[in-house]
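File shown: final-v9.cif (mmCIF, C-alpha atoms).
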```
data_target
loop_
_atom_site.label_atom_id
_atom_site.label_comp_id
_atom_site.auth_asym_id
_atom_site.auth_seq_id
_atom_site.Cartn_x
_atom_site.Cartn_y
_atom_site.Cartn_z
CA MET A 1 68.28 119.88 60.99
CA LYS A 2 69.45 117.09 58.78
CA ARG A 3 67.98 113.80 59.92
CA LYS A 4 69.31 110.35 59.26
CA MET A 5 66.92 107.53 58.54
CA VAL A 6 66.87 104.48 60.79
CA PRO A 7 66.67 101.49 58.40
CA MET A 8 66.88 97.93 59.64
CA LEU A 9 67.42 98.98 63.24
CA ALA A 10 67.73 95.53 64.69
CA ALA A 11 70.45 94.50 62.26
CA LEU A 12 72.36 97.72 62.73
CA ALA A 13 71.95 97.43 66.48
CA ILE A 14 73.59 94.03 66.50
CA ALA A 15 76.45 95.48 64.51
CA ALA A 16 76.68 98.29 67.05
CA THR A 17 77.05 95.82 69.93
CA LEU A 18 80.38 96.27 71.68
CA GLY A 19 80.86 95.75 75.30
CA ALA A 20 80.25 97.14 78.71
CA GLY A 21 78.42 100.16 82.11
CA THR A 22 74.51 101.92 83.25
CA THR A 23 73.22 102.06 86.58
CA ARG A 24 71.01 99.11 87.16
CA ALA A 25 67.28 99.62 86.75
CA ASP A 26 65.54 96.83 88.61
CA PRO A 27 62.01 95.64 87.80
CA PRO A 28 59.39 96.76 90.33
CA ASP A 29 59.16 93.30 91.92
CA GLN A 30 62.83 93.35 92.98
CA HIS A 31 62.52 95.84 95.85
CA GLN A 32 64.81 95.19 98.79
CA ASN A 33 64.59 96.03 102.46
CA GLY A 34 67.37 96.89 104.88
CA HIS A 35 68.49 99.44 107.43
CA SER A 36 68.62 103.20 107.16
CA GLY A 37 71.22 105.48 108.64
CA GLY A 38 70.89 109.02 109.95
CA ASP A 39 68.08 110.57 111.93
CA ARG A 40 64.76 108.85 112.31
CA PRO A 41 62.36 110.05 109.60
CA PRO A 42 58.98 111.55 110.50
CA ALA A 43 56.12 109.13 110.99
CA GLN A 44 54.27 109.90 107.76
CA TYR A 45 54.02 107.63 104.77
CA GLN A 46 53.28 108.90 101.28
CA SER A 47 53.67 107.22 97.93
CA HIS A 48 53.24 110.14 95.52
CA PRO A 49 55.86 110.24 92.76
CA PRO A 50 58.48 112.99 93.22
CA GLY A 51 59.13 115.84 90.86
CA HIS A 52 55.64 117.36 90.76
CA ARG A 53 55.24 120.85 89.44
CA ASN A 54 51.47 121.43 89.31
CA GLY A 55 50.72 121.40 93.03
CA PRO A 56 52.63 119.39 95.65
CA PRO A 57 51.51 116.22 97.40
CA PRO A 58 51.24 116.61 101.20
CA GLY A 59 54.61 117.33 102.82
CA TYR A 60 56.46 118.01 99.58
CA GLN A 61 58.67 121.08 99.24
CA MET A 62 59.50 123.19 96.21
CA ASP A 63 63.15 123.37 95.19
CA GLN A 64 63.49 126.98 94.01
CA ARG A 65 67.27 127.11 93.90
CA TYR A 66 68.58 128.21 90.50
CA HIS A 67 64.89 128.52 89.47
CA HIS A 68 64.61 124.75 89.40
CA ASP A 69 61.01 125.13 90.63
CA ARG A 70 59.90 121.54 91.16
CA TYR A 71 58.39 119.75 94.15
CA TYR A 72 60.15 116.90 95.94
CA PRO A 73 59.77 115.01 99.23
CA PRO A 74 62.10 116.39 101.93
CA ARG A 75 65.05 114.43 103.32
CA GLY A 76 63.80 112.02 105.94
CA TYR A 77 60.43 111.57 104.24
CA VAL A 78 59.29 107.93 104.47
CA VAL A 79 57.37 105.95 101.86
CA PRO A 80 55.95 102.42 102.10
CA GLN A 81 57.38 101.43 98.72
CA LEU A 82 59.68 102.71 96.02
CA PRO A 83 58.33 104.44 92.91
CA HIS A 84 56.98 102.02 90.33
CA GLU A 85 60.14 102.41 88.23
CA TYR A 86 63.48 103.08 89.86
CA HIS A 87 67.24 102.61 89.59
CA ASP A 88 69.09 100.39 92.06
CA VAL A 89 72.64 101.75 92.46
CA HIS A 90 75.33 99.83 94.35
CA TYR A 91 78.00 101.77 96.25
CA GLY A 92 80.33 99.76 98.43
CA ASN A 93 78.11 97.31 100.29
CA ASN A 94 75.06 99.58 100.16
CA HIS A 95 72.06 99.93 97.87
CA TYR A 96 70.73 103.36 96.90
CA TYR A 97 67.52 103.77 94.97
CA TYR A 98 66.59 106.61 92.65
CA GLY A 99 63.10 107.23 91.34
CA GLY A 100 61.28 110.28 90.03
CA GLY A 101 63.80 112.84 91.29
CA ALA A 102 64.49 111.53 94.83
CA TRP A 103 67.07 109.17 96.35
CA TYR A 104 66.11 106.49 98.89
CA ARG A 105 67.62 104.05 101.37
CA PRO A 106 65.84 101.18 103.09
CA TYR A 107 64.30 102.06 106.47
CA GLY A 108 63.08 98.84 108.06
CA PRO A 109 60.31 97.60 105.73
CA ARG A 110 59.97 101.06 104.18
CA TYR A 111 62.20 103.61 102.44
CA THR A 112 63.42 107.05 103.44
CA VAL A 113 64.51 109.96 101.26
CA ILE A 114 68.23 110.67 101.63
CA ALA A 115 71.09 112.69 100.15
CA PRO A 116 73.15 110.34 97.96
CA PRO A 117 76.84 110.08 98.86
CA VAL A 118 79.39 112.18 96.98
CA GLY A 119 81.30 109.93 94.59
CA LEU A 120 78.33 107.72 93.73
CA PHE A 121 78.52 106.75 90.04
CA VAL A 122 75.28 106.76 88.04
CA GLY A 123 74.53 106.14 84.40
CA PHE A 124 71.70 108.65 84.13
CA LEU A 125 70.61 112.20 84.91
CA PRO A 126 67.39 113.13 86.74
CA GLU A 127 64.20 113.54 84.73
CA TYR A 128 64.46 117.31 85.24
CA TYR A 129 67.70 119.17 85.90
CA THR A 130 69.18 122.66 85.74
CA THR A 131 72.61 123.08 84.16
CA LEU A 132 75.08 125.27 86.07
CA TRP A 133 78.24 126.47 84.36
CA TYR A 134 81.41 127.15 86.35
CA GLY A 135 83.83 128.23 83.68
CA ASN A 136 83.80 125.36 81.17
CA MET A 137 82.58 122.86 83.76
CA PRO A 138 78.87 121.96 83.72
CA TYR A 139 77.06 120.75 86.84
CA TYR A 140 73.60 119.24 86.57
CA TYR A 141 71.42 120.19 89.52
CA ALA A 142 68.18 118.69 90.84
CA ASN A 143 66.69 118.38 94.33
CA SER A 144 69.80 119.67 96.15
CA VAL A 145 72.02 117.13 94.37
CA TYR A 146 74.82 118.02 91.94
CA TYR A 147 75.91 115.72 89.13
CA THR A 148 79.00 116.01 86.92
CA ARG A 149 80.05 114.00 83.89
CA ARG A 150 82.72 111.33 84.22
CA TRP A 151 85.22 112.47 81.62
CA ASN A 152 87.21 109.24 81.44
CA SER A 153 84.22 106.87 81.10
CA PRO A 154 80.47 106.89 80.43
CA GLY A 155 78.05 108.20 83.02
CA TYR A 156 77.92 110.75 85.82
CA VAL A 157 79.03 111.09 89.43
CA ILE A 158 77.43 112.75 92.47
CA ALA A 159 79.57 115.81 93.24
CA ALA A 160 80.06 118.08 96.22
CA PRO A 161 78.30 121.45 95.83
CA PRO A 162 80.53 123.80 93.82
CA VAL A 163 81.89 126.90 95.55
CA GLY A 164 80.35 130.27 94.73
CA ASP A 165 77.69 131.23 92.23
CA PRO A 166 77.66 129.77 88.72
CA ASP A 167 78.80 131.93 85.82
CA ARG A 168 75.54 131.13 84.10
CA THR A 169 72.61 128.74 84.34
CA GLU A 170 70.45 127.00 81.77
CA ALA A 171 66.75 126.53 82.40
CA THR A 172 65.42 123.31 83.88
CA VAL A 173 64.94 120.79 81.10
CA SER A 174 63.36 117.39 80.88
CA HIS A 175 65.58 114.42 80.15
CA ALA A 176 62.47 112.65 78.90
CA GLY A 177 64.07 111.74 75.58
CA GLU A 178 65.49 108.73 77.42
CA ASP A 179 62.38 108.15 79.52
CA PHE A 180 62.61 104.35 79.66
CA PHE A 181 64.01 101.59 81.82
CA MET A 182 66.22 98.73 80.73
CA TYR A 183 66.25 95.35 82.46
CA PRO A 184 69.24 93.01 81.94
CA ARG A 185 68.20 89.56 80.72
CA ASN A 186 71.64 87.99 81.00
CA GLY A 187 72.85 89.15 84.42
CA GLN A 188 74.94 92.02 83.04
CA SER A 189 76.95 93.86 85.68
CA THR A 190 76.29 97.47 86.62
CA ASP A 191 79.37 98.61 84.69
CA GLN A 192 78.33 96.55 81.67
CA GLN A 193 74.85 98.12 81.74
CA ALA A 194 76.28 101.64 81.92
CA ARG A 195 78.57 101.09 78.96
CA ASP A 196 75.87 99.39 76.89
CA ARG A 197 73.42 102.21 77.49
CA TYR A 198 76.01 104.86 76.68
CA GLU A 199 77.14 103.14 73.48
CA CYS A 200 73.56 102.49 72.34
CA HIS A 201 72.68 106.11 73.12
CA SER A 202 75.63 107.35 71.06
CA TRP A 203 74.69 105.04 68.19
CA ALA A 204 71.02 106.15 68.29
CA VAL A 205 72.06 109.82 68.24
CA GLN A 206 74.29 109.13 65.24
CA GLN A 207 71.50 107.31 63.41
CA THR A 208 68.68 109.78 64.10
CA GLY A 209 70.29 113.14 64.83
CA PHE A 210 68.21 113.37 68.03
CA ASP A 211 70.13 113.93 71.29
CA PRO A 212 67.94 113.84 74.44
CA SER A 213 70.62 115.66 76.45
CA GLN A 214 69.76 118.80 74.47
CA THR A 215 66.59 120.89 74.62
CA ASP A 216 64.05 119.29 72.24
CA GLY A 217 66.80 116.85 71.37
CA GLY A 218 68.47 119.48 69.23
CA ALA A 219 65.57 119.23 66.79
CA ALA A 220 63.23 121.90 65.52
CA PRO A 221 60.18 122.01 67.85
CA ALA A 222 57.92 120.82 65.05
CA ASP A 223 60.12 117.74 64.52
CA ALA A 224 60.98 116.92 68.15
CA ALA A 225 58.21 114.34 68.77
CA ARG A 226 58.90 112.46 65.54
CA ASP A 227 62.68 112.50 66.06
CA ARG A 228 62.33 111.39 69.65
CA ALA A 229 60.25 108.40 68.52
CA ASP A 230 62.98 107.48 66.01
CA TYR A 231 65.62 107.79 68.73
CA LEU A 232 63.69 105.55 71.13
CA ARG A 233 63.20 102.90 68.45
CA ALA A 234 66.91 103.00 67.65
CA ILE A 235 68.20 102.78 71.22
CA SER A 236 65.64 100.10 72.09
CA ALA A 237 66.72 97.96 69.14
CA CYS A 238 70.37 98.35 70.11
CA LEU A 239 69.73 97.43 73.75
CA ASP A 240 67.54 94.47 72.80
CA ALA A 241 70.40 93.14 70.66
CA ARG A 242 72.66 93.34 73.73
CA GLY A 243 70.31 91.37 75.93
CA TYR A 244 68.04 93.95 77.60
CA THR A 245 64.29 94.32 77.86
CA VAL A 246 63.33 97.98 77.38
CA ARG A 247 60.09 99.62 78.48
#
```
The structure in this file should be written as structure tokens.
Amino acid sequence: MKRKMVPMLAALAIAATLGAGTTRADPPDQHQNGHSGGDRPPAQYQSHPPGHRNGPPPGYQMDQRYHHDRYYPPRGYVVPQLPHEYHDVHYGNNHYYYGGGAWYRPYGPRYTVIAPPVGLFVGFLPEYYTTLWYGNMPYYYANSVYYTRRWNSPGYVIAAPPVGDPDRTEATVSHAGEDFFMYPRNGQSTDQQARDRYECHSWAVQQTGFDPSQTDGGAAPADAARDRADYLRAISACLDARGYTVR
């Protein structure tokens, strides 16, 4: 694969700065409490990160649909705190939190695992997902949640389960090429964050030839680690120029 060099990333990143949407990723000290809807969760509190594959924490269940084959906490599972790194997504007047493969709502002083509402806009895909093809339409599946791409703007949306069996599936892949969190330094809105992340991602792909939405980033296996590092440096420089702290 032909690779492009990434010279003077910070200067190019500033030139790449345009304007505006990703789902907000709040720092760990900005957790919020509130009220949970639905049935009362079981009285057990675990804080293991979701998405385990090599043996489940107590109470976790394996999602075997479409050979996804990863462990997650069941709906109604209660934790004393959110994962160390998470996304805070606003929908109407409500806050939904995503971390490590599971979605949460506040439940008193704790948090309960929930199914996110259909129509919720997000600027990211889960760490691990299985791609389902219905004709020319891809769905991204993880932990009983279906995501589709927003065709008229950056990002994804939570979708209702598609009808019938997919025409084909693609194996569960890691989205770890973008395994970082961005924190807005200038009070950027959720829409502004989504657009900035999308535009910086597109610019980093153009500069490095590495696309984390593809298996191994579209690189030869021997080059994937090096190309991924170039991609992360590029997107981090771009986001820093737009007023974000990346880690």
Counting all atoms listed in the file, give me one row per residue of region 86-142 of chain A with an atom at most 12 Å from an atom of region 201-220 of chain A, showing the shortest contact pair and its distance in Å to one decimal, sorted by chain then residue number, as CSV.
```
residue,atom,partner,partner_atom,distance
A:Gly123,CA,A:His201,CA,11.4
A:Phe124,CA,A:Ser213,CA,10.5
A:Leu125,CA,A:Ser213,CA,9.1
A:Pro126,CA,A:Ser213,CA,11.1
A:Glu127,CA,A:Ser213,CA,10.7
A:Tyr128,CA,A:Ser213,CA,10.9
A:Tyr129,CA,A:Ser213,CA,10.5
A:Thr130,CA,A:Thr215,CA,11.6
A:Thr131,CA,A:Ser213,CA,10.9
A:Tyr140,CA,A:Ser213,CA,11.1
```
How many Å lie between CA of Tyr91 (chain A) and CA of Glu199 (chain A), rounded to one decimal?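 Straight-line distance from CA of Tyr91 (chain A) to CA of Glu199 (chain A) works out to 22.8 Å.
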Just say which residues the PyMOL selection byres ((chain A and resi 182) around 8) picks in this file, as a PDB file with C-alpha atoms, in the frame of the given file.
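The resulting expr_1.pdb:
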```
ATOM      1  CA  ALA A  25      67.280  99.620  86.750  1.00  0.00           C
ATOM      2  CA  PHE A 180      62.610 104.350  79.660  1.00  0.00           C
ATOM      3  CA  PHE A 181      64.010 101.590  81.820  1.00  0.00           C
ATOM      4  CA  TYR A 183      66.250  95.350  82.460  1.00  0.00           C
ATOM      5  CA  PRO A 184      69.240  93.010  81.940  1.00  0.00           C
ATOM      6  CA  LEU A 239      69.730  97.430  73.750  1.00  0.00           C
ATOM      7  CA  TYR A 244      68.040  93.950  77.600  1.00  0.00           C
ATOM      8  CA  THR A 245      64.290  94.320  77.860  1.00  0.00           C
ATOM      9  CA  VAL A 246      63.330  97.980  77.380  1.00  0.00           C
ATOM     10  CA  ARG A 247      60.090  99.620  78.480  1.00  0.00           C
TER      11      ARG A 247
END
```
Selected by the PyMOL selection byres ((chain A and resi 78) around 6) in the shown coordinates: which residues, as a list in words? Tyr45, Tyr77, Val79, Tyr111 and Thr112 of chain A
As a check of understanding, name the residues that the PyMOL selection byres ((chain A and resi 146) around 9) selects in the supplied structure, as a list of chain:residue names.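 So the PyMOL selection byres ((chain A and resi 146) around 9), applied here, picks out A:Val118, A:Tyr139, A:Tyr140, A:Tyr141, A:Ala142, A:Asn143, A:Ser144, A:Val145, A:Tyr147, A:Thr148, A:Val157, A:Ile158, A:Ala159, A:Ala160, A:Pro161, A:Pro162.
Taking CA of Phe121 (chain A) and CA of Gly155 (chain A) as the two end points, the separation is 7.2 Å.
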Could you check which of A:Val163, A:Gly119, A:Arg110, A:Ala224 is closest to Arg149 (chain A), using only C-alpha atoms? A:Gly119
Can you work out which one of A:Ala171, A:Leu132, A:Met137, A:Cys200 has the shortest atom-to-atom distance to Pro154 (chain A), counting only C-alpha atoms? A:Cys200
For Asp88 (chain A), which of A:Pro73, A:Pro106, A:Gly135, A:Gly59 is the closest residue, counting only C-alpha atoms?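 Of all the options, A:Pro106 lies closest to Asp88 (chain A).
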What does the distance between CA of His90 (chain A) and CA of Leu120 (chain A) come to in Å, to one decimal place? 8.5 Å
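Near (61.1, 108.2, 91.3), the residues that fall inside 7 Å on the basis of only C-alpha atoms are Pro49, Pro50, Pro83, Glu85, Tyr86, Tyr98, Gly99, Gly100, Gly101 and Ala102 of chain A.
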Take the residues just selected and output them with C-alpha atoms as a PDB file, in the coordinates of the input.
```pdb
ATOM      1  CA  PRO A  49      55.860 110.240  92.760  1.00  0.00           C
ATOM      2  CA  PRO A  50      58.480 112.990  93.220  1.00  0.00           C
ATOM      3  CA  PRO A  83      58.330 104.440  92.910  1.00  0.00           C
ATOM      4  CA  GLU A  85      60.140 102.410  88.230  1.00  0.00           C
ATOM      5  CA  TYR A  86      63.480 103.080  89.860  1.00  0.00           C
ATOM      6  CA  TYR A  98      66.590 106.610  92.650  1.00  0.00           C
ATOM      7  CA  GLY A  99      63.100 107.230  91.340  1.00  0.00           C
ATOM      8  CA  GLY A 100      61.280 110.280  90.030  1.00  0.00           C
ATOM      9  CA  GLY A 101      63.800 112.840  91.290  1.00  0.00           C
ATOM     10  CA  ALA A 102      64.490 111.530  94.830  1.00  0.00           C
TER      11      ALA A 102
END
```
Nearest to Pro116 (chain A) by atom-to-atom distance, counting only C-alpha atoms, from A:Arg75, A:His67, A:His84, A:Arg150: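 Closest candidate: A:Arg75.
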Do a neighbour search on Trp103 (chain A) at 6 Å with only C-alpha atoms, toss out local chain neighbours closer than 2 positions, and write the hits as a ChimeraX atom specification. /A:97-98,113-114
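For the set A:Arg242, A:Arg233, A:Arg226, A:His68, the residue with the smallest atom-to-atom gap to Glu170 (chain A) is A:His68, counting all atoms listed in the file.
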Between A:Pro221, A:Tyr134, A:Asp69, A:Arg197, which is the closest to Ala234 (chain A) once you count only C-alpha atoms?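 Once distances to Ala234 (chain A) are computed over only C-alpha atoms, the minimum belongs to A:Arg197.
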